[in-house]
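Peer 1: Input data22.csv, format and content: CSV, C-alpha atoms.
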chain,number,residue,atom,x,y,z
A,82,MET,CA,12.1,-6.1,-14.0
A,83,LYS,CA,14.9,-8.6,-13.3
A,84,GLN,CA,13.4,-11.9,-14.3
A,85,LEU,CA,10.5,-13.2,-16.5
A,86,ALA,CA,9.1,-16.7,-16.3
A,87,SER,CA,7.0,-18.4,-19.0
A,88,GLY,CA,5.5,-21.9,-19.3
A,89,SER,CA,4.6,-23.7,-22.5
A,90,VAL,CA,3.0,-26.8,-24.0
A,91,ASP,CA,6.5,-28.1,-24.5
A,92,SER,CA,6.3,-29.1,-20.7
A,93,CYS,CA,9.2,-26.7,-19.8
A,94,LEU,CA,9.5,-23.5,-17.9
A,95,MET,CA,11.8,-20.7,-19.0
A,96,VAL,CA,13.2,-18.1,-16.7
A,97,TRP,CA,14.6,-15.1,-18.6
A,98,HIS,CA,17.1,-12.6,-17.1
A,99,MET,CA,16.4,-9.2,-18.5
A,100,LYS,CA,19.9,-7.8,-18.2
A,101,PRO,CA,21.7,-7.6,-21.6
A,102,GLN,CA,23.7,-10.7,-22.5
A,103,SER,CA,22.3,-12.7,-19.6
A,104,ARG,CA,21.4,-16.3,-20.0
A,105,ALA,CA,18.0,-17.9,-19.7
A,106,TYR,CA,17.3,-21.0,-17.7
A,107,ARG,CA,15.2,-23.9,-19.0
A,108,PHE,CA,13.6,-26.1,-16.3
A,109,ALA,CA,12.2,-29.6,-17.1
A,110,GLY,CA,10.2,-31.7,-14.7
A,111,HIS,CA,6.5,-31.5,-15.7
A,112,LYS,CA,5.3,-34.5,-17.7
A,113,ASP,CA,2.8,-32.4,-19.8
A,114,ALA,CA,2.0,-28.8,-20.8
A,115,VAL,CA,2.8,-26.0,-18.3
A,116,THR,CA,-0.3,-23.9,-18.0
A,117,CYS,CA,0.6,-21.3,-15.4
A,118,VAL,CA,3.6,-19.7,-13.6
A,119,ASN,CA,3.9,-17.2,-10.7
A,120,PHE,CA,6.9,-15.8,-8.8
A,121,SER,CA,6.7,-15.5,-5.0
A,122,PRO,CA,6.8,-11.9,-3.7
A,123,SER,CA,10.5,-12.2,-2.9
A,124,GLY,CA,11.3,-13.7,-6.3
A,125,HIS,CA,13.2,-16.6,-4.6
A,126,LEU,CA,10.5,-19.2,-5.5
A,127,LEU,CA,8.6,-19.9,-8.7
A,128,ALA,CA,5.3,-21.9,-8.8
A,129,SER,CA,4.0,-23.7,-11.9
A,130,GLY,CA,0.9,-25.8,-12.7
A,131,SER,CA,0.5,-28.4,-15.4
A,132,ARG,CA,-1.7,-30.7,-17.4
A,133,ASP,CA,0.1,-33.5,-15.5
A,134,LYS,CA,-2.1,-32.5,-12.5
A,135,THR,CA,0.8,-31.4,-10.4
A,136,VAL,CA,2.0,-28.1,-8.9
A,137,ARG,CA,5.8,-27.5,-8.6
A,138,ILE,CA,7.7,-25.0,-6.6
A,139,TRP,CA,11.1,-24.2,-8.1
A,140,VAL,CA,14.2,-22.4,-6.9
A,141,PRO,CA,15.0,-20.3,-10.0
A,142,ASN,CA,18.7,-20.8,-10.2
A,143,VAL,CA,21.2,-22.9,-12.2
A,144,LYS,CA,20.3,-26.1,-10.5
A,145,GLY,CA,16.6,-25.7,-11.1
A,146,GLU,CA,15.5,-27.9,-8.1
A,147,SER,CA,11.7,-28.3,-7.6
A,148,THR,CA,9.3,-29.8,-5.1
A,149,VAL,CA,6.1,-31.5,-6.4
A,150,PHE,CA,2.7,-30.9,-4.8
A,151,ARG,CA,0.1,-33.5,-5.6
A,152,ALA,CA,-3.6,-33.2,-4.7
A,153,HIS,CA,-5.5,-32.2,-7.8
A,154,THR,CA,-7.0,-34.8,-10.0
A,155,ALA,CA,-7.1,-32.9,-13.2
A,156,THR,CA,-5.2,-30.1,-15.1
A,157,VAL,CA,-4.0,-27.3,-12.9
A,158,ARG,CA,-4.9,-24.0,-14.5
A,159,SER,CA,-3.7,-21.4,-12.1
A,160,VAL,CA,-1.1,-20.8,-9.4
A,161,HIS,CA,-0.7,-17.7,-7.2
A,162,PHE,CA,1.4,-16.8,-4.1
A,163,CYS,CA,-0.1,-14.9,-1.2
A,164,SER,CA,1.5,-11.5,-0.5
A,165,ASP,CA,3.4,-12.9,2.5
A,166,GLY,CA,4.8,-15.8,0.5
A,167,GLN,CA,3.6,-18.4,3.0
A,168,SER,CA,0.6,-19.7,1.0
A,169,LEU,CA,-0.2,-20.8,-2.5
A,170,VAL,CA,-3.6,-21.0,-4.1
A,171,THR,CA,-4.3,-23.2,-7.2
A,172,ALA,CA,-7.2,-23.8,-9.5
A,173,SER,CA,-8.0,-26.9,-11.5
A,174,ASP,CA,-10.2,-28.7,-13.9
A,175,ASP,CA,-11.2,-30.9,-11.0
A,176,LYS,CA,-13.6,-28.1,-10.0
A,177,THR,CA,-11.7,-27.2,-6.9
A,178,VAL,CA,-9.5,-24.4,-5.5
A,179,LYS,CA,-6.8,-25.6,-3.2
A,180,VAL,CA,-4.6,-23.8,-0.7
A,181,TRP,CA,-1.1,-25.0,0.2
A,182,SER,CA,1.6,-24.1,2.7
A,183,THR,CA,4.7,-23.2,0.7
A,184,HIS,CA,7.3,-23.6,3.6
A,185,ARG,CA,5.8,-26.7,5.1
A,186,GLN,CA,5.2,-28.0,1.6
A,187,LYS,CA,1.8,-29.5,2.4
A,188,PHE,CA,-1.8,-29.3,1.2
A,189,LEU,CA,-4.0,-27.3,3.6
A,190,PHE,CA,-7.6,-27.3,2.3
A,191,SER,CA,-10.0,-27.2,-0.7
A,192,LEU,CA,-12.8,-24.8,-1.7
A,193,SER,CA,-15.3,-26.9,-3.6
A,194,GLN,CA,-18.5,-25.0,-4.6
A,195,HIS,CA,-17.8,-24.6,-8.3
A,196,ILE,CA,-19.7,-27.0,-10.6
A,197,ASN,CA,-17.3,-26.8,-13.6
A,198,TRP,CA,-13.6,-26.3,-14.3
A,199,VAL,CA,-11.9,-23.6,-12.3
A,200,ARG,CA,-9.7,-21.5,-14.6
A,201,CYS,CA,-8.2,-19.0,-12.2
A,202,ALA,CA,-7.8,-18.2,-8.5
A,203,ARG,CA,-6.1,-15.2,-6.8
A,204,PHE,CA,-5.4,-14.1,-3.2
A,205,SER,CA,-6.4,-10.6,-2.2
A,206,PRO,CA,-3.5,-8.2,-1.4
A,207,ASP,CA,-4.0,-8.7,2.4
A,208,GLY,CA,-4.3,-12.5,2.0
A,209,ARG,CA,-7.7,-12.7,3.7
A,210,LEU,CA,-9.8,-13.3,0.6
A,211,ILE,CA,-9.6,-15.6,-2.4
A,212,VAL,CA,-11.3,-15.0,-5.7
A,213,SER,CA,-11.9,-17.7,-8.3
A,214,ALA,CA,-13.2,-17.8,-11.9
A,215,SER,CA,-14.9,-20.9,-13.5
A,216,ASP,CA,-16.5,-22.4,-16.5
A,217,ASP,CA,-19.7,-22.5,-14.5
A,218,LYS,CA,-20.0,-18.8,-15.5
A,219,THR,CA,-19.4,-17.5,-11.9
A,220,VAL,CA,-16.8,-15.6,-10.0
A,221,LYS,CA,-16.7,-16.6,-6.4
A,222,LEU,CA,-15.3,-14.7,-3.4
A,223,TRP,CA,-14.0,-16.8,-0.5
A,224,ASP,CA,-13.0,-16.1,3.1
A,225,LYS,CA,-9.7,-17.8,3.6
A,226,THR,CA,-10.1,-18.2,7.4
A,227,SER,CA,-13.7,-19.5,7.5
A,228,ARG,CA,-13.3,-21.3,4.1
A,229,GLU,CA,-16.8,-20.1,3.2
A,230,CYS,CA,-18.0,-18.6,-0.1
A,231,VAL,CA,-18.8,-15.0,0.7
A,232,HIS,CA,-20.4,-14.1,-2.7
A,233,SER,CA,-21.0,-15.4,-6.2
A,234,TYR,CA,-20.9,-12.9,-9.1
A,235,CYS,CA,-23.1,-14.3,-11.9
A,236,GLU,CA,-23.2,-11.5,-14.5
A,237,HIS,CA,-21.0,-13.3,-17.1
A,238,GLY,CA,-22.9,-14.9,-19.8
A,239,SER,CA,-20.3,-17.6,-20.5
A,240,PHE,CA,-17.2,-19.3,-19.2
A,241,VAL,CA,-15.0,-17.0,-16.9
A,242,SER,CA,-11.4,-17.5,-17.8
A,243,CYS,CA,-9.4,-15.0,-15.7
A,244,VAL,CA,-9.8,-12.9,-12.5
A,245,ASP,CA,-7.6,-10.6,-10.4
A,246,PHE,CA,-7.8,-8.3,-7.4
A,247,HIS,CA,-7.3,-4.6,-7.7
A,248,PRO,CA,-4.1,-3.5,-5.7
A,249,SER,CA,-6.3,-1.8,-3.2
A,250,GLY,CA,-8.1,-5.1,-2.5
A,251,THR,CA,-11.5,-3.4,-2.8
A,252,CYS,CA,-12.4,-4.6,-6.3
A,253,VAL,CA,-12.0,-7.6,-8.6
A,254,ALA,CA,-11.9,-7.7,-12.4
A,255,ALA,CA,-12.8,-10.8,-14.5
A,256,GLY,CA,-12.8,-11.7,-18.2
A,257,GLY,CA,-14.4,-14.5,-20.1
A,258,THR,CA,-15.3,-16.2,-23.3
A,259,ASP,CA,-18.2,-13.7,-23.8
A,260,SER,CA,-15.5,-11.2,-24.7
A,261,THR,CA,-16.3,-8.9,-21.7
A,262,VAL,CA,-14.4,-7.5,-18.7
A,263,LYS,CA,-16.3,-6.7,-15.6
A,264,VAL,CA,-15.2,-5.0,-12.4
A,265,TRP,CA,-17.0,-5.5,-9.1
A,266,ASP,CA,-16.7,-3.9,-5.6
A,267,VAL,CA,-16.0,-6.7,-3.2
A,268,ARG,CA,-17.6,-4.8,-0.3
A,269,THR,CA,-20.9,-3.9,-1.8
A,270,HIS,CA,-20.8,-6.6,-4.5
A,271,ARG,CA,-22.0,-4.0,-7.1
A,272,LEU,CA,-20.9,-4.1,-10.7
A,273,LEU,CA,-18.7,-1.0,-11.1
A,274,GLN,CA,-17.6,-1.2,-14.7
A,275,HIS,CA,-18.3,-3.3,-17.8
A,276,TYR,CA,-16.2,-3.4,-21.0
A,277,GLN,CA,-17.0,-5.1,-24.3
A,278,LEU,CA,-13.9,-4.2,-26.4
A,279,HIS,CA,-12.4,-7.5,-27.6
A,280,SER,CA,-13.9,-9.5,-30.5
A,281,ALA,CA,-13.0,-12.9,-29.0
A,282,ALA,CA,-12.5,-14.5,-25.5
A,283,VAL,CA,-10.6,-12.5,-22.9
A,284,THR,CA,-7.9,-15.0,-21.7
A,285,ALA,CA,-5.9,-13.0,-19.1
A,286,LEU,CA,-5.8,-9.7,-17.3
A,287,SER,CA,-3.6,-7.8,-14.9
A,288,PHE,CA,-3.9,-4.6,-12.9
A,289,HIS,CA,-1.2,-2.0,-13.0
A,290,PRO,CA,0.3,-1.6,-9.5
A,291,SER,CA,-1.0,2.0,-9.3
A,292,GLY,CA,-4.5,0.6,-9.8
A,293,ASN,CA,-5.3,3.1,-12.5
A,294,HIS,CA,-5.0,0.8,-15.5
A,295,LEU,CA,-5.9,-2.7,-16.5
A,296,VAL,CA,-4.3,-4.7,-19.4
A,297,THR,CA,-6.2,-7.6,-21.0
A,298,ALA,CA,-5.2,-10.3,-23.4
A,299,SER,CA,-7.6,-12.0,-25.9
A,300,SER,CA,-8.0,-14.8,-28.4
A,301,ASP,CA,-8.5,-12.0,-31.0
A,302,SER,CA,-4.6,-11.7,-30.8
A,303,THR,CA,-4.7,-8.2,-29.2
A,304,LEU,CA,-3.8,-6.6,-25.9
A,305,LYS,CA,-5.8,-3.7,-24.6
A,306,ILE,CA,-5.0,-1.1,-22.0
A,307,LEU,CA,-8.0,0.3,-20.1
A,308,ASP,CA,-8.1,3.5,-18.1
A,309,LEU,CA,-10.1,2.6,-15.0
A,310,LEU,CA,-10.5,6.1,-13.6
A,311,GLU,CA,-12.1,7.3,-16.8
A,312,GLY,CA,-13.7,4.0,-17.8
A,313,ARG,CA,-12.3,3.9,-21.4
A,314,LEU,CA,-10.0,2.1,-23.7
A,315,LEU,CA,-6.5,3.7,-24.0
A,316,TYR,CA,-4.6,1.5,-26.4
A,317,THR,CA,-5.0,-1.6,-28.5
A,318,LEU,CA,-1.7,-3.4,-29.0
A,319,HIS,CA,-1.0,-5.7,-32.0
A,320,GLY,CA,2.0,-8.0,-32.0
A,321,HIS,CA,1.0,-11.6,-31.5
A,322,GLN,CA,0.2,-13.6,-34.6
A,323,GLY,CA,-2.5,-15.7,-32.9
A,324,PRO,CA,-4.4,-15.8,-29.6
A,325,ALA,CA,-2.7,-13.9,-26.8
A,326,THR,CA,-3.0,-16.3,-23.8
A,327,SER,CA,-1.3,-14.5,-20.9
A,328,VAL,CA,-0.4,-11.0,-19.7
A,329,ALA,CA,1.1,-9.5,-16.5
A,330,PHE,CA,2.6,-6.3,-15.2
A,331,SER,CA,6.0,-6.1,-13.5
A,332,ARG,CA,6.0,-5.3,-9.8
A,333,THR,CA,6.7,-1.6,-10.5
A,334,GLY,CA,4.4,-1.4,-13.6
A,335,GLU,CA,7.2,-0.1,-15.8
A,336,TYR,CA,6.9,-3.2,-18.0
A,337,PHE,CA,4.3,-5.8,-18.9
A,338,ALA,CA,4.8,-9.2,-20.6
A,339,SER,CA,2.5,-11.2,-22.8
A,340,GLY,CA,2.6,-14.7,-24.2
A,341,GLY,CA,0.7,-16.3,-27.1
A,342,SER,CA,-0.1,-19.4,-29.0
A,343,ASP,CA,2.4,-18.1,-31.6
A,344,GLU,CA,5.2,-19.3,-29.3
A,345,GLN,CA,6.3,-15.7,-28.6
A,346,VAL,CA,6.8,-14.0,-25.3
A,347,MET,CA,6.8,-10.2,-25.7
A,348,VAL,CA,8.0,-7.6,-23.2
A,349,TRP,CA,6.3,-4.1,-23.5
A,350,LYS,CA,7.3,-0.8,-21.9
A,351,SER,CA,4.2,0.8,-20.2
A,352,ASN,CA,5.1,4.5,-20.7
A,353,PHE,CA,2.6,5.4,-18.0
A,354,ASP,CA,2.2,5.4,-14.2
A,355,THR,CA,5.6,3.9,-13.3
A,356,VAL,CA,5.5,3.4,-9.5
A,357,ASP,CA,8.3,2.9,-7.0
A,358,SER,CA,7.7,-0.1,-4.8
A,359,GLY,CA,7.7,2.2,-1.7
A,360,GLU,CA,5.0,4.3,-3.3
A,361,LEU,CA,2.6,1.5,-4.1
A,362,THR,CA,0.5,1.9,-1.0
A,363,LYS,CA,0.1,5.6,-1.6
A,364,VAL,CA,-1.5,5.6,-5.1
A,365,GLN,CA,-3.8,2.6,-5.3
A,366,ARG,CA,-7.2,4.1,-6.1
A,367,PRO,CA,-10.1,1.8,-6.8
A,368,PRO,CA,-11.9,2.3,-10.1
A,369,ALA,CA,-15.0,4.5,-10.0
A,370,MET,CA,-18.3,3.7,-11.5
A,371,LEU,CA,-18.6,6.4,-14.1
A,372,ALA,CA,-21.6,7.8,-15.9
A,373,GLY,CA,-22.1,6.8,-19.5
A,374,SER,CA,-24.2,4.6,-21.8
A,375,SER,CA,-21.7,3.1,-24.2
A,376,GLY,CA,-20.4,-0.4,-24.1
A,377,ASN,CA,-17.1,0.8,-22.7
A,378,ARG,CA,-18.5,2.6,-19.7
A,379,PRO,CA,-20.7,1.6,-16.7
A,380,GLU,CA,-24.3,2.8,-16.6
A,381,THR,CA,-24.6,4.7,-13.3
A,382,ALA,CA,-22.5,7.2,-11.3
A,383,PHE,CA,-20.7,5.9,-8.2
A,384,PRO,CA,-18.2,7.8,-6.0
A,385,VAL,CA,-14.5,6.8,-5.9
A,386,PRO,CA,-14.1,5.1,-2.4
A,387,PRO,CA,-11.1,6.3,-0.4
A,388,SER,CA,-8.2,3.9,0.2
A,389,ARG,CA,-4.8,4.5,1.9
A,390,GLY,CA,-2.2,7.3,1.8
A,391,ARG,CA,-2.8,9.9,-0.9
A,392,SER,CA,-6.0,8.2,-2.1
A,393,GLN,CA,-7.5,8.8,1.3
A,394,GLU,CA,-6.6,12.4,1.2
A,395,LEU,CA,-8.3,12.7,-2.1
A,396,GLY,CA,-11.3,10.8,-0.9
A,397,GLN,CA,-11.8,13.2,2.1
A,398,SER,CA,-11.5,16.3,0.0
A,399,GLN,CA,-14.5,18.0,-1.7
A,400,PRO,CA,-15.7,16.2,-4.9
A,401,GLN,CA,-14.4,17.8,-8.0
A,402,GLU,CA,-16.5,18.7,-11.0
A,403,PRO,CA,-15.8,16.4,-14.0
A,404,THR,CA,-13.8,18.1,-16.7
A,405,SER,CA,-14.9,17.9,-20.3
A,406,MET,CA,-13.2,18.5,-23.6
A,407,PRO,CA,-14.7,20.2,-26.7
A,408,GLN,CA,-16.5,17.7,-29.0
A,409,THR,CA,-14.2,18.6,-31.9
A,410,LEU,CA,-11.1,17.9,-29.9
A,411,THR,CA,-12.5,14.6,-28.7
A,412,SER,CA,-13.4,13.6,-32.3
A,413,THR,CA,-9.9,14.5,-33.5
A,414,LEU,CA,-8.2,12.5,-30.7
A,415,GLU,CA,-10.4,9.5,-31.5
A,416,HIS,CA,-9.5,9.8,-35.2
A,417,ILE,CA,-5.8,9.9,-34.3
A,418,VAL,CA,-6.1,6.9,-32.1
A,419,GLY,CA,-7.9,5.1,-34.9
A,420,GLN,CA,-5.2,6.0,-37.4
A,421,LEU,CA,-2.4,4.8,-35.0
A,422,ASP,CA,-4.3,1.5,-34.6
A,423,VAL,CA,-4.3,1.1,-38.4
A,424,LEU,CA,-0.6,2.0,-38.6
A,425,THR,CA,0.2,-0.6,-35.9
A,426,GLN,CA,-1.6,-3.3,-37.9
A,427,THR,CA,0.1,-2.2,-41.1
A,428,VAL,CA,3.6,-2.3,-39.6
A,429,SER,CA,2.8,-5.8,-38.2
A,430,ILE,CA,1.7,-7.0,-41.7
A,431,LEU,CA,4.8,-5.5,-43.3
A,432,GLU,CA,7.0,-7.2,-40.8
A,433,GLN,CA,5.3,-10.5,-41.5
A,434,ARG,CA,5.7,-10.0,-45.3
A,435,LEU,CA,9.4,-9.0,-44.8
A,436,THR,CA,10.0,-12.3,-42.9
A,437,LEU,CA,8.4,-14.3,-45.7
A,438,THR,CA,10.4,-12.5,-48.3
A,439,GLU,CA,13.7,-13.1,-46.4
A,440,ASP,CA,12.7,-16.8,-46.1
A,441,LYS,CA,12.0,-17.1,-49.9
A,442,LEU,CA,15.3,-15.2,-50.7
A,443,LYS,CA,17.2,-17.6,-48.5
A,444,GLN,CA,15.6,-20.6,-50.2
A,445,CYS,CA,16.4,-19.1,-53.6
A,446,LEU,CA,20.1,-18.7,-52.7
A,447,GLU,CA,20.3,-22.3,-51.3
A,448,ASN,CA,18.7,-23.6,-54.6
A,449,GLN,CA,21.2,-21.5,-56.6
A,450,GLN,CA,24.1,-22.9,-54.7
A,451,LEU,CA,22.8,-26.5,-55.3
A,452,ILE,CA,22.5,-25.8,-59.0
A,453,MET,CA,26.0,-24.4,-59.2
A,454,GLN,CA,27.4,-27.4,-57.3
A,455,ARG,CA,25.8,-29.8,-59.8
A,456,THR,CA,27.0,-27.9,-62.8
A,457,THR,CA,30.6,-27.5,-61.6
A,458,PRO,CA,32.7,-30.2,-63.3
With the file now loaded, output its structure as structure tokens.
Peer 2:
Amino acid sequence: MKQLASGSVDSCLMVWHMKPQSRAYRFAGHKDAVTCVNFSPSGHLLASGSRDKTVRIWVPNVKGESTVFRAHTATVRSVHFCSDGQSLVTASDDKTVKVWSTHRQKFLFSLSQHINWVRCARFSPDGRLIVSASDDKTVKLWDKTSRECVHSYCEHGSFVSCVDFHPSGTCVAAGGTDSTVKVWDVRTHRLLQHYQLHSAAVTALSFHPSGNHLVTASSDSTLKILDLLEGRLLYTLHGHQGPATSVAFSRTGEYFASGGSDEQVMVWKSNFDTVDSGELTKVQRPPAMLAGSSGNRPETAFPVPPSRGRSQELGQSQPQEPTSMPQTLTSTLEHIVGQLDVLTQTVSILEQRLTLTEDKLKQCLENQQLIMQRTTP
């Protein structure tokens, strides 16, 4: 990961260079809060959306030059480049999804069937489909060429705040204010997986480039890593001292970054499934619908569909019998995970108390200096 971009209610963008002792760039231009950012596939362009109703395309260098796109009539909530870098899709509180040409720098067309604010829109990996999430409680799948709505997913019980395509292009995942994450197959339109793990709204999500894991951010201040092949929660991450509002994996999946209302941007090391860019097409396996009855798992069995490269070879081989662990080992591992979760929270609280103690100590020293200055003749 070479660069990281973030936007804030301070109306500015920050581009952070991840090499040691490298400087960060601060870009000003928007007239109101920056709600979303996205790098082009090449990394040579950076898109941002704002409450000022505009979209900007930046060249992320020292000059920080930008081009303004105007067509939305309300806050822009989402920006996303197509995989070829030629198109940009945006979502807005004006209830529309809009597609733009990045090189001709012009508005192309609108998708207008949502009946409430549109929170998020994403291109499929091949650029042929667009998925959007809205406060009208639906996730809509669009054909970019015909500009028609292919399907509406209506299983969410409340506002849908985020959505993304699986790297294979065969599935989409969405999260919402009902605290759930759902995964659908875009070919059969069946619900594959359903997770209810957060205690507040799911604000953002991102697939690992391998397609095996999903990271979610929530207003409950936590991030969660899901194992999509097994349909279970892997990790709960504590770090933000308020709602976590954004999360995204790096292109190789070695890192992921999160932002929150605590004004912090955090970079995390994945420690699983690191993928070389040349290997991405070989390991993207869509999530399976697994058997199970808990809130973490889907309710019926469904085979893993084959994709390209190695996944296709696996898909053509004979199905393997599921492996199982002894109940005592499973219980022990669950207990260890629970204890680690408690330890993480404890460390976070101790860090917070240490900061408060340092602040109080500093204030005491300053007061002592003032008293000594007054008493010195």
Peer 1: Compare A:Cys201, A:Ile196, A:Cys163, A:Leu314 by their minimum atom-to-atom distance to Lys225 (chain A), counting only C-alpha atoms, and give me the closest one.
Peer 2: A:Cys163
Peer 1: To one decimal in Å, tell me the separation between CA of Phe288 (chain A) and CA of Gly250 (chain A).
Peer 2: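 Between CA of Phe288 (chain A) and CA of Gly250 (chain A) the gap is 11.2 Å.
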Peer 1: Would you compute the distance between CA of Ala255 (chain A) and CA of Ser164 (chain A)? Give it in Å to one decimal.
Peer 2: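 Value for the CA of Ala255 (chain A)-CA of Ser164 (chain A) distance: 20.0 Å.
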Peer 1: Using only C-alpha atoms, find the one residue out of A:Pro206, A:Ser249, A:Gly257, A:Ser342 that sits nearest to Thr219 (chain A).
Peer 2: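 Checking each candidate against Thr219 (chain A), we get A:Gly257 as the closest.
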Peer 1: Which of these, A:Tyr336, A:Trp265, A:Phe204, A:Phe353, has the shortest distance to Ser233 (chain A) once you count all atoms listed in the file?
Peer 2: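 That would be A:Trp265, the residue with the smallest distance to Ser233 (chain A).
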Peer 1: Within 9 Å of Val178 (chain A), counting all atoms listed in the file, which residues qualify if same-chain residues fewer than 6 places away don't, as a PyMOL selection string?
Peer 2: chain A and resi 170-172+190-193+195+199+201-202+213
Peer 1: Excluding Thr251 (chain A) and residues on its chain fewer than 2 positions from it, collect all residues at most 7 Å away from it, counting all atoms listed in the file, and give them as a list in words.
Peer 2: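 My list of contacting residues is His247, Ser249, Asp266, Val267, Arg268 and Pro367 of chain A.
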Peer 1: My list of candidates is A:Val296, A:Leu315, A:Leu435, A:Val220. Which is closest to Ser339 (chain A) when distances are computed with all atoms listed in the file?
Peer 2: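 Closest to Ser339 (chain A) of all the choices is A:Val296.
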Peer 1: At the level of N, CA, C and O atoms, write region 262-277 of chain A to a file as an mmCIF file, in the first residue's frame, please.
Peer 2:
data_model
loop_
_atom_site.group_PDB
_atom_site.id
_atom_site.type_symbol
_atom_site.label_atom_id
_atom_site.label_comp_id
_atom_site.auth_asym_id
_atom_site.auth_seq_id
_atom_site.Cartn_x
_atom_site.Cartn_y
_atom_site.Cartn_z
ATOM 1 N N VAL A 262 -25.582 -7.874 7.846
ATOM 2 C CA VAL A 262 -24.868 -7.963 6.572
ATOM 3 C C VAL A 262 -25.467 -9.122 5.802
ATOM 4 O O VAL A 262 -25.634 -10.220 6.356
ATOM 5 N N LYS A 263 -25.791 -8.893 4.542
ATOM 6 C CA LYS A 263 -26.390 -9.941 3.711
ATOM 7 C C LYS A 263 -25.573 -10.098 2.435
ATOM 8 O O LYS A 263 -25.060 -9.117 1.892
ATOM 9 N N VAL A 264 -25.474 -11.323 1.957
ATOM 10 C CA VAL A 264 -24.742 -11.632 0.728
ATOM 11 C C VAL A 264 -25.687 -12.344 -0.229
ATOM 12 O O VAL A 264 -26.315 -13.344 0.137
ATOM 13 N N TRP A 265 -25.789 -11.820 -1.471
ATOM 14 C CA TRP A 265 -26.654 -12.407 -2.493
ATOM 15 C C TRP A 265 -25.841 -12.860 -3.703
ATOM 16 O O TRP A 265 -24.819 -12.259 -4.036
ATOM 17 N N ASP A 266 -26.343 -13.879 -4.387
ATOM 18 C CA ASP A 266 -25.812 -14.291 -5.686
ATOM 19 C C ASP A 266 -26.498 -13.447 -6.759
ATOM 20 O O ASP A 266 -27.735 -13.426 -6.831
ATOM 21 N N VAL A 267 -25.729 -12.748 -7.580
ATOM 22 C CA VAL A 267 -26.341 -11.843 -8.567
ATOM 23 C C VAL A 267 -26.866 -12.592 -9.792
ATOM 24 O O VAL A 267 -27.540 -12.003 -10.637
ATOM 25 N N ARG A 268 -26.562 -13.897 -9.897
ATOM 26 C CA ARG A 268 -27.067 -14.680 -11.034
ATOM 27 C C ARG A 268 -28.414 -15.314 -10.715
ATOM 28 O O ARG A 268 -29.338 -15.279 -11.529
ATOM 29 N N THR A 269 -28.526 -15.879 -9.511
ATOM 30 C CA THR A 269 -29.783 -16.517 -9.116
ATOM 31 C C THR A 269 -30.642 -15.598 -8.247
ATOM 32 O O THR A 269 -31.817 -15.878 -8.029
ATOM 33 N N HIS A 270 -30.011 -14.502 -7.729
ATOM 34 C CA HIS A 270 -30.659 -13.526 -6.837
ATOM 35 C C HIS A 270 -31.085 -14.148 -5.508
ATOM 36 O O HIS A 270 -31.974 -13.638 -4.828
ATOM 37 N N ARG A 271 -30.443 -15.263 -5.144
ATOM 38 C CA ARG A 271 -30.742 -15.916 -3.862
ATOM 39 C C ARG A 271 -29.872 -15.321 -2.758
ATOM 40 O O ARG A 271 -28.723 -14.943 -2.983
ATOM 41 N N LEU A 272 -30.457 -15.259 -1.561
ATOM 42 C CA LEU A 272 -29.698 -14.837 -0.389
ATOM 43 C C LEU A 272 -28.789 -15.983 0.021
ATOM 44 O O LEU A 272 -29.249 -17.080 0.338
ATOM 45 N N LEU A 273 -27.463 -15.749 0.001
ATOM 46 C CA LEU A 273 -26.493 -16.784 0.324
ATOM 47 C C LEU A 273 -26.145 -16.813 1.802
ATOM 48 O O LEU A 273 -26.069 -17.872 2.417
ATOM 49 N N GLN A 274 -25.895 -15.633 2.369
ATOM 50 C CA GLN A 274 -25.462 -15.570 3.758
ATOM 51 C C GLN A 274 -26.092 -14.356 4.441
ATOM 52 O O GLN A 274 -26.354 -13.340 3.806
ATOM 53 N N HIS A 275 -26.297 -14.524 5.753
ATOM 54 C CA HIS A 275 -26.895 -13.461 6.569
ATOM 55 C C HIS A 275 -26.147 -13.422 7.896
ATOM 56 O O HIS A 275 -25.979 -14.453 8.553
ATOM 57 N N TYR A 276 -25.654 -12.248 8.257
ATOM 58 C CA TYR A 276 -24.904 -12.086 9.510
ATOM 59 C C TYR A 276 -25.558 -10.999 10.355
ATOM 60 O O TYR A 276 -25.875 -9.926 9.828
ATOM 61 N N GLN A 277 -25.733 -11.287 11.634
ATOM 62 C CA GLN A 277 -26.202 -10.278 12.583
ATOM 63 C C GLN A 277 -25.221 -10.287 13.752
ATOM 64 O O GLN A 277 -25.435 -10.939 14.775
#
